[in-house]
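Note sheet for the following structure.
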Amino acid sequence: MTLPLVIDTDPGIDDALALILAARAPEARLLAVSVSYGNTTLDRATRNARLALARANCQVPVFPGSDRPLARPLVTAKETHGSEGFGDLDTPPPEPVAPTGTSILDALRAAGEPVTLVTLGPLTNLALALRNDPAFLRSRVVRHVAMGGNIAAAGNSGGLAEFNVWCDPEAAAEVLAAEMGTELVGLDVTRRLVITAPGVERLANHPDPEAQWFGRLLSFYVRFHHHFEGLPGAVINDPLAVALALRPRWGRAETLRLTVNCAQGAGRGETTVGLPSDPPVRVYRDVDIAPVHALLLQHLFGAWLTVSDFRP
Ligand code: BDR
Ligand code: CA
């Protein structure tokens, strides 16, 4: 039995790794991709999604979605992912894309069967799908795994906020309030998934062009983490959400009642344990990281790296 998947994503360096992992893992069947603004603009994210899928020889439909948050101005993550969203890689100019509010619904229709939905970016596209056709959405999404939120570590967008929720807190609040059984893979868990700076250097300097592609993609991410966090490596968040979609038993989740802080200023985007009236959300609190390393070596880096390249 393979796991049918639809991914909503904002590539993004770690999104690219997650897409390639989902496309290559034989236990998954990636059926369609929906794209969000986030790490970069919608046109660049759409181009980057197509580039990542092409690298995995994966021909699935790609649906551009929203180009901005529900109610706030667009802010992208140039300093984290580079001006094109793909670090140091050379990329062709993006094609213009028409934003839509239906990319997840379109992807679910293209998938043609009930799926696990993995969201790797801001939750705008999912909030719009819930507004537009909640019955169809709920009939097709048997499980929703989201990279997003943070309750127990330093944030990456000011205070305790995690970027995907920070981008569009109103969308995140709407999605959690819909009680779809969302499972959050937050920054406090993904911070454990690190690829080391020497590992990335080895990729970048390897004669194999595929290793160089990954190395150039990740070098920028390593510089960012070194500069802003003093980390000798890069946290690769999004592949962990795909790994837990494939193997839920690698993680331990707890049901918590979560509040999303929709403030304009300080506290924006923070996810905190709230009141009994807040929606119940499955939140991963811990993960077995060794099998995730093995999965990444098996499908992405095994020809060039070893398990020690994932130890912080
Ligand atoms: C999340 O934000 C982006 O920078 C990453 O792609 C990941 O989805 C981590 O906060
Ligand atoms: Ca992402």
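A note on labels: chains of the structure tokens are A, B, ... as shown, every chain counts residues from 1, and ligands are counted from 1 in their shown order.
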
Those of range 107-281 of chain A in DSSP helix (DSSP H, G or I), formatted as an mmCIF file with C-alpha atoms, in the first residue's frame:
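Written out: out-v5.cif:
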```cif
data_model
loop_
_atom_site.group_PDB
_atom_site.id
_atom_site.type_symbol
_atom_site.label_atom_id
_atom_site.label_comp_id
_atom_site.auth_asym_id
_atom_site.auth_seq_id
_atom_site.Cartn_x
_atom_site.Cartn_y
_atom_site.Cartn_z
ATOM 1 C CA ALA A 107 -4.966 19.600 -6.476
ATOM 2 C CA LEU A 108 -7.429 17.366 -4.597
ATOM 3 C CA ARG A 109 -9.603 17.082 -7.707
ATOM 4 C CA ALA A 110 -6.535 16.174 -9.781
ATOM 5 C CA ALA A 111 -5.547 13.584 -7.170
ATOM 6 C CA THR A 124 -3.530 30.722 3.361
ATOM 7 C CA ASN A 125 -4.337 28.214 0.596
ATOM 8 C CA LEU A 126 -5.898 25.807 3.069
ATOM 9 C CA ALA A 127 -7.951 28.532 4.763
ATOM 10 C CA LEU A 128 -9.256 29.565 1.319
ATOM 11 C CA ALA A 129 -10.119 25.958 0.464
ATOM 12 C CA LEU A 130 -12.055 25.703 3.733
ATOM 13 C CA ARG A 131 -13.945 28.890 2.882
ATOM 14 C CA ASN A 132 -14.663 27.816 -0.713
ATOM 15 C CA PRO A 134 -15.331 22.723 3.071
ATOM 16 C CA ALA A 135 -17.428 19.621 2.332
ATOM 17 C CA PHE A 136 -15.286 18.554 -0.632
ATOM 18 C CA LEU A 137 -12.087 19.363 1.242
ATOM 19 C CA ARG A 138 -13.106 17.312 4.270
ATOM 20 C CA SER A 139 -14.246 14.424 2.077
ATOM 21 C CA ARG A 140 -10.824 14.242 0.393
ATOM 22 C CA PHE A 163 7.539 31.623 9.944
ATOM 23 C CA ASN A 164 4.625 29.732 8.325
ATOM 24 C CA VAL A 165 2.187 30.768 11.061
ATOM 25 C CA TRP A 166 3.719 34.245 11.364
ATOM 26 C CA CYS A 167 3.109 34.891 7.627
ATOM 27 C CA PRO A 169 -1.815 34.040 11.536
ATOM 28 C CA GLU A 170 -5.456 34.595 10.554
ATOM 29 C CA ALA A 171 -5.262 31.678 8.097
ATOM 30 C CA ALA A 172 -3.597 29.455 10.703
ATOM 31 C CA ALA A 173 -6.307 30.355 13.248
ATOM 32 C CA GLU A 174 -9.056 29.527 10.715
ATOM 33 C CA VAL A 175 -7.481 26.177 9.854
ATOM 34 C CA LEU A 176 -7.050 25.149 13.489
ATOM 35 C CA ALA A 177 -10.586 26.301 14.330
ATOM 36 C CA LEU A 187 9.860 24.388 14.802
ATOM 37 C CA ASP A 188 10.632 23.021 18.268
ATOM 38 C CA VAL A 189 10.665 19.528 16.706
ATOM 39 C CA THR A 190 12.149 20.374 13.305
ATOM 40 C CA ALA A 197 28.006 22.672 7.246
ATOM 41 C CA PRO A 198 30.815 20.192 6.334
ATOM 42 C CA GLY A 199 28.201 17.870 4.817
ATOM 43 C CA VAL A 200 26.836 20.666 2.653
ATOM 44 C CA GLU A 201 30.372 21.659 1.655
ATOM 45 C CA ARG A 202 31.025 18.069 0.595
ATOM 46 C CA LEU A 203 27.926 18.159 -1.594
ATOM 47 C CA ALA A 204 28.862 21.501 -3.145
ATOM 48 C CA PRO A 209 26.316 17.422 -10.673
ATOM 49 C CA GLU A 210 23.394 16.193 -8.584
ATOM 50 C CA ALA A 211 25.413 16.541 -5.382
ATOM 51 C CA GLN A 212 26.440 20.041 -6.535
ATOM 52 C CA TRP A 213 22.777 20.942 -7.070
ATOM 53 C CA PHE A 214 21.936 20.039 -3.473
ATOM 54 C CA GLY A 215 25.131 21.690 -2.250
ATOM 55 C CA ARG A 216 24.380 24.999 -3.977
ATOM 56 C CA LEU A 217 20.787 24.885 -2.761
ATOM 57 C CA LEU A 218 21.854 24.315 0.845
ATOM 58 C CA SER A 219 24.985 26.527 1.042
ATOM 59 C CA PHE A 220 22.903 29.681 1.349
ATOM 60 C CA TYR A 221 20.827 28.081 4.121
ATOM 61 C CA VAL A 222 24.000 27.178 6.013
ATOM 62 C CA ARG A 223 25.279 30.774 5.765
ATOM 63 C CA PHE A 224 21.906 32.046 7.015
ATOM 64 C CA HIS A 225 21.894 29.719 10.024
ATOM 65 C CA HIS A 226 25.527 30.520 10.824
ATOM 66 C CA HIS A 227 24.912 34.266 10.629
ATOM 67 C CA PHE A 228 21.605 34.454 12.526
ATOM 68 C CA GLU A 229 21.814 31.500 14.894
ATOM 69 C CA ASP A 238 9.945 20.601 5.856
ATOM 70 C CA PRO A 239 11.230 17.065 5.113
ATOM 71 C CA LEU A 240 10.347 16.153 8.701
ATOM 72 C CA ALA A 241 6.658 16.819 7.988
ATOM 73 C CA VAL A 242 6.827 14.493 4.969
ATOM 74 C CA ALA A 243 8.660 11.868 7.057
ATOM 75 C CA LEU A 244 5.948 12.001 9.748
ATOM 76 C CA ALA A 245 3.236 11.835 7.089
ATOM 77 C CA LEU A 246 4.857 8.607 5.887
ATOM 78 C CA PRO A 248 3.552 8.728 12.115
ATOM 79 C CA ARG A 249 5.040 6.247 14.558
ATOM 80 C CA TRP A 250 8.366 8.088 14.390
#
```

Just list the residues in range 82-266 of chain A DSSP gives strand (DSSP E or B) on the backbone, as a PyMOL selection string. chain A and resi 115-119+141-147+183-185+194-196+233-235+251-260

All residues 6 Å or closer to Val33 in chain A, only C-alpha atoms, same chain fewer than 2 positions away omitted, as a ChimeraX atom specification: /A:6-8,62

Let's have the selection written as an mmCIF file, in the first residue's frame, with N, CA, C and O atoms.
```
data_model
loop_
_atom_site.group_PDB
_atom_site.id
_atom_site.type_symbol
_atom_site.label_atom_id
_atom_site.label_comp_id
_atom_site.auth_asym_id
_atom_site.auth_seq_id
_atom_site.Cartn_x
_atom_site.Cartn_y
_atom_site.Cartn_z
ATOM 1 N N VAL A 6 -0.974 14.861 -1.295
ATOM 2 C CA VAL A 6 -0.981 16.168 -1.950
ATOM 3 C C VAL A 6 -0.171 17.087 -1.052
ATOM 4 O O VAL A 6 -0.323 17.058 0.175
ATOM 5 N N ILE A 7 0.705 17.892 -1.661
ATOM 6 C CA ILE A 7 1.547 18.807 -0.877
ATOM 7 C C ILE A 7 1.240 20.245 -1.268
ATOM 8 O O ILE A 7 1.159 20.568 -2.456
ATOM 9 N N ASP A 8 1.089 21.088 -0.271
ATOM 10 C CA ASP A 8 0.996 22.537 -0.472
ATOM 11 C C ASP A 8 2.300 23.132 0.056
ATOM 12 O O ASP A 8 2.683 22.867 1.196
ATOM 13 N N VAL A 62 0.851 20.967 -11.006
ATOM 14 C CA VAL A 62 1.247 21.989 -10.029
ATOM 15 C C VAL A 62 0.252 23.144 -10.136
ATOM 16 O O VAL A 62 0.059 23.683 -11.227
#
```

For ligand 2, list the contacting residues at 6 Å or closer, counting only C-alpha atoms and all ligand atoms, as a PyMOL selection string. chain A and resi 9-10+12+15+120-121+238

Counting only C-alpha atoms, what is within 8 Å of Thr76 in chain A, bar same-chain residues fewer than 4 positions away, as a PyMOL selection string? chain A and resi 37-41

Would you save the residues of that selection, restricted to C-alpha atoms, as a JSON list (two decimals), in the first residue's frame?
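Done, and the output landed in selection-v6.json:
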```json
[["chain", "number", "residue", "atom", "x", "y", "z"],
["A", 37, "TYR", "CA", 3.73, 32.57, -1.60],
["A", 38, "GLY", "CA", 5.88, 32.46, 1.54],
["A", 39, "ASN", "CA", 9.60, 31.91, 1.36],
["A", 40, "THR", "CA", 9.42, 33.74, -1.96],
["A", 41, "THR", "CA", 6.80, 35.19, -4.28]]
```

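Every protein, DNA or RNA residue with an atom at most 6 Å from range 285-288 of chain A, where only C-alpha atoms count and chain neighbours fewer than 3 positions away do not, is listed here: Trp250, Gly251, Arg252 and Ala253 of chain A.
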
Could you take the residues named above and write them with all heavy atoms, as a PDB file, in the first residue's frame?
```
ATOM      1  N   TRP A 250       7.068   7.504  14.041  1.00  0.00           N
ATOM      2  CA  TRP A 250       8.366   8.088  14.390  1.00  0.00           C
ATOM      3  C   TRP A 250       8.225   9.304  15.310  1.00  0.00           C
ATOM      4  O   TRP A 250       9.213   9.854  15.773  1.00  0.00           O
ATOM      5  CB  TRP A 250       9.124   8.488  13.128  1.00  0.00           C
ATOM      6  CG  TRP A 250       9.595   7.317  12.327  1.00  0.00           C
ATOM      7  CD1 TRP A 250       9.588   6.006  12.698  1.00  0.00           C
ATOM      8  CD2 TRP A 250      10.172   7.359  11.017  1.00  0.00           C
ATOM      9  NE1 TRP A 250      10.099   5.223  11.688  1.00  0.00           N
ATOM     10  CE2 TRP A 250      10.474   6.031  10.647  1.00  0.00           C
ATOM     11  CE3 TRP A 250      10.456   8.379  10.109  1.00  0.00           C
ATOM     12  CZ2 TRP A 250      11.048   5.706   9.422  1.00  0.00           C
ATOM     13  CZ3 TRP A 250      11.028   8.065   8.892  1.00  0.00           C
ATOM     14  CH2 TRP A 250      11.322   6.734   8.544  1.00  0.00           C
ATOM     15  N   GLY A 251       6.980   9.762  15.501  1.00  0.00           N
ATOM     16  CA  GLY A 251       6.789  10.944  16.352  1.00  0.00           C
ATOM     17  C   GLY A 251       5.822  10.668  17.477  1.00  0.00           C
ATOM     18  O   GLY A 251       5.076   9.687  17.454  1.00  0.00           O
ATOM     19  N   ARG A 252       5.864  11.525  18.494  1.00  0.00           N
ATOM     20  CA  ARG A 252       4.893  11.450  19.579  1.00  0.00           C
ATOM     21  C   ARG A 252       4.152  12.776  19.662  1.00  0.00           C
ATOM     22  O   ARG A 252       4.776  13.825  19.861  1.00  0.00           O
ATOM     23  CB  ARG A 252       5.581  11.127  20.906  1.00  0.00           C
ATOM     24  CG  ARG A 252       5.734   9.624  21.094  1.00  0.00           C
ATOM     25  CD  ARG A 252       6.868   9.199  21.959  1.00  0.00           C
ATOM     26  NE  ARG A 252       8.163   9.693  21.508  1.00  0.00           N
ATOM     27  CZ  ARG A 252       8.853   9.196  20.465  1.00  0.00           C
ATOM     28  NH1 ARG A 252       8.369   8.205  19.738  1.00  0.00           N
ATOM     29  NH2 ARG A 252      10.028   9.706  20.132  1.00  0.00           N
ATOM     30  N   ALA A 253       2.828  12.689  19.431  1.00  0.00           N
ATOM     31  CA  ALA A 253       2.004  13.901  19.416  1.00  0.00           C
ATOM     32  C   ALA A 253       1.088  13.913  20.629  1.00  0.00           C
ATOM     33  O   ALA A 253       0.718  12.863  21.162  1.00  0.00           O
ATOM     34  CB  ALA A 253       1.191  13.960  18.130  1.00  0.00           C
TER      35      ALA A 253
END
```

Just want the 9 Å neighbourhood of Gly159 in chain A, counted on only C-alpha atoms, with same-chain residues fewer than 5 positions away dropped. Output as a VMD selection string. chain A and resid 154 266 to 268 270

Go ahead and save the picked residues with all heavy atoms, as a PDB file, in the first residue's frame.
```
ATOM      1  N   ALA A 154      13.044  28.527  20.625  1.00  0.00           N
ATOM      2  CA  ALA A 154      13.119  29.891  20.091  1.00  0.00           C
ATOM      3  C   ALA A 154      12.412  29.919  18.741  1.00  0.00           C
ATOM      4  O   ALA A 154      12.472  28.945  17.983  1.00  0.00           O
ATOM      5  CB  ALA A 154      14.577  30.289  19.923  1.00  0.00           C
ATOM      6  N   ALA A 266       4.105  42.840  18.540  1.00  0.00           N
ATOM      7  CA  ALA A 266       4.783  41.802  19.323  1.00  0.00           C
ATOM      8  C   ALA A 266       3.856  40.610  19.547  1.00  0.00           C
ATOM      9  O   ALA A 266       2.669  40.776  19.827  1.00  0.00           O
ATOM     10  CB  ALA A 266       5.213  42.376  20.664  1.00  0.00           C
ATOM     11  N   GLY A 267       4.416  39.425  19.393  1.00  0.00           N
ATOM     12  CA  GLY A 267       3.637  38.208  19.638  1.00  0.00           C
ATOM     13  C   GLY A 267       2.978  37.663  18.377  1.00  0.00           C
ATOM     14  O   GLY A 267       2.482  36.532  18.376  1.00  0.00           O
ATOM     15  N   ARG A 268       2.978  38.430  17.285  1.00  0.00           N
ATOM     16  CA  ARG A 268       2.341  37.975  16.039  1.00  0.00           C
ATOM     17  C   ARG A 268       2.776  36.552  15.678  1.00  0.00           C
ATOM     18  O   ARG A 268       3.964  36.260  15.615  1.00  0.00           O
ATOM     19  CB  ARG A 268       2.726  38.932  14.894  1.00  0.00           C
ATOM     20  CG  ARG A 268       2.346  38.392  13.533  1.00  0.00           C
ATOM     21  CD  ARG A 268       2.739  39.330  12.413  1.00  0.00           C
ATOM     22  NE  ARG A 268       2.564  38.693  11.123  1.00  0.00           N
ATOM     23  CZ  ARG A 268       2.707  39.293   9.959  1.00  0.00           C
ATOM     24  NH1 ARG A 268       3.022  40.571   9.902  1.00  0.00           N
ATOM     25  NH2 ARG A 268       2.529  38.625   8.834  1.00  0.00           N
ATOM     26  N   GLU A 270       2.585  33.767  17.224  1.00  0.00           N
ATOM     27  CA  GLU A 270       2.982  32.776  18.230  1.00  0.00           C
ATOM     28  C   GLU A 270       1.837  31.787  18.472  1.00  0.00           C
ATOM     29  O   GLU A 270       0.659  32.163  18.479  1.00  0.00           O
ATOM     30  CB  GLU A 270       3.372  33.478  19.539  1.00  0.00           C
ATOM     31  CG  GLU A 270       4.679  34.242  19.387  1.00  0.00           C
ATOM     32  CD  GLU A 270       5.173  34.910  20.660  1.00  0.00           C
ATOM     33  OE1 GLU A 270       4.426  34.945  21.662  1.00  0.00           O
ATOM     34  OE2 GLU A 270       6.315  35.404  20.641  1.00  0.00           O
TER      35      GLU A 270
END
```

Separation of atom 10 (O, counted along the ligand's line) of ligand 1 from CA of Ala28 in chain A, in Å and rounded to one decimal: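 Going from atom 10 (O, counted along the ligand's line) of ligand 1 over to CA of Ala28 in chain A, I get 23.9 Å.
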
Could you tell me how far CA of Ala18 in chain A lies from CA of Ala71 in chain A, in Å and to one decimal?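 Rounded to one decimal, the two atoms are 27.9 Å apart.
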
Between CA of Ser36 in chain A and CA of Thr102 in chain A, distance in Å (one decimal):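 Separating CA of Ser36 in chain A from CA of Thr102 in chain A is a distance of 11.2 Å.
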
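If only C-alpha atoms are the atoms counted, then among A:Gly265, A:Ile236, A:Arg191, A:Gln298 the closest residue to Ala153 in chain A is A:Arg191.
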
With only C-alpha atoms as the basis for distance, which of A:Val75, A:Cys262, A:Leu193, A:Leu5 is at the shortest distance from Gly112 in chain A?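 Ranked by minimum distance to Gly112 in chain A, first place goes to A:Leu5.
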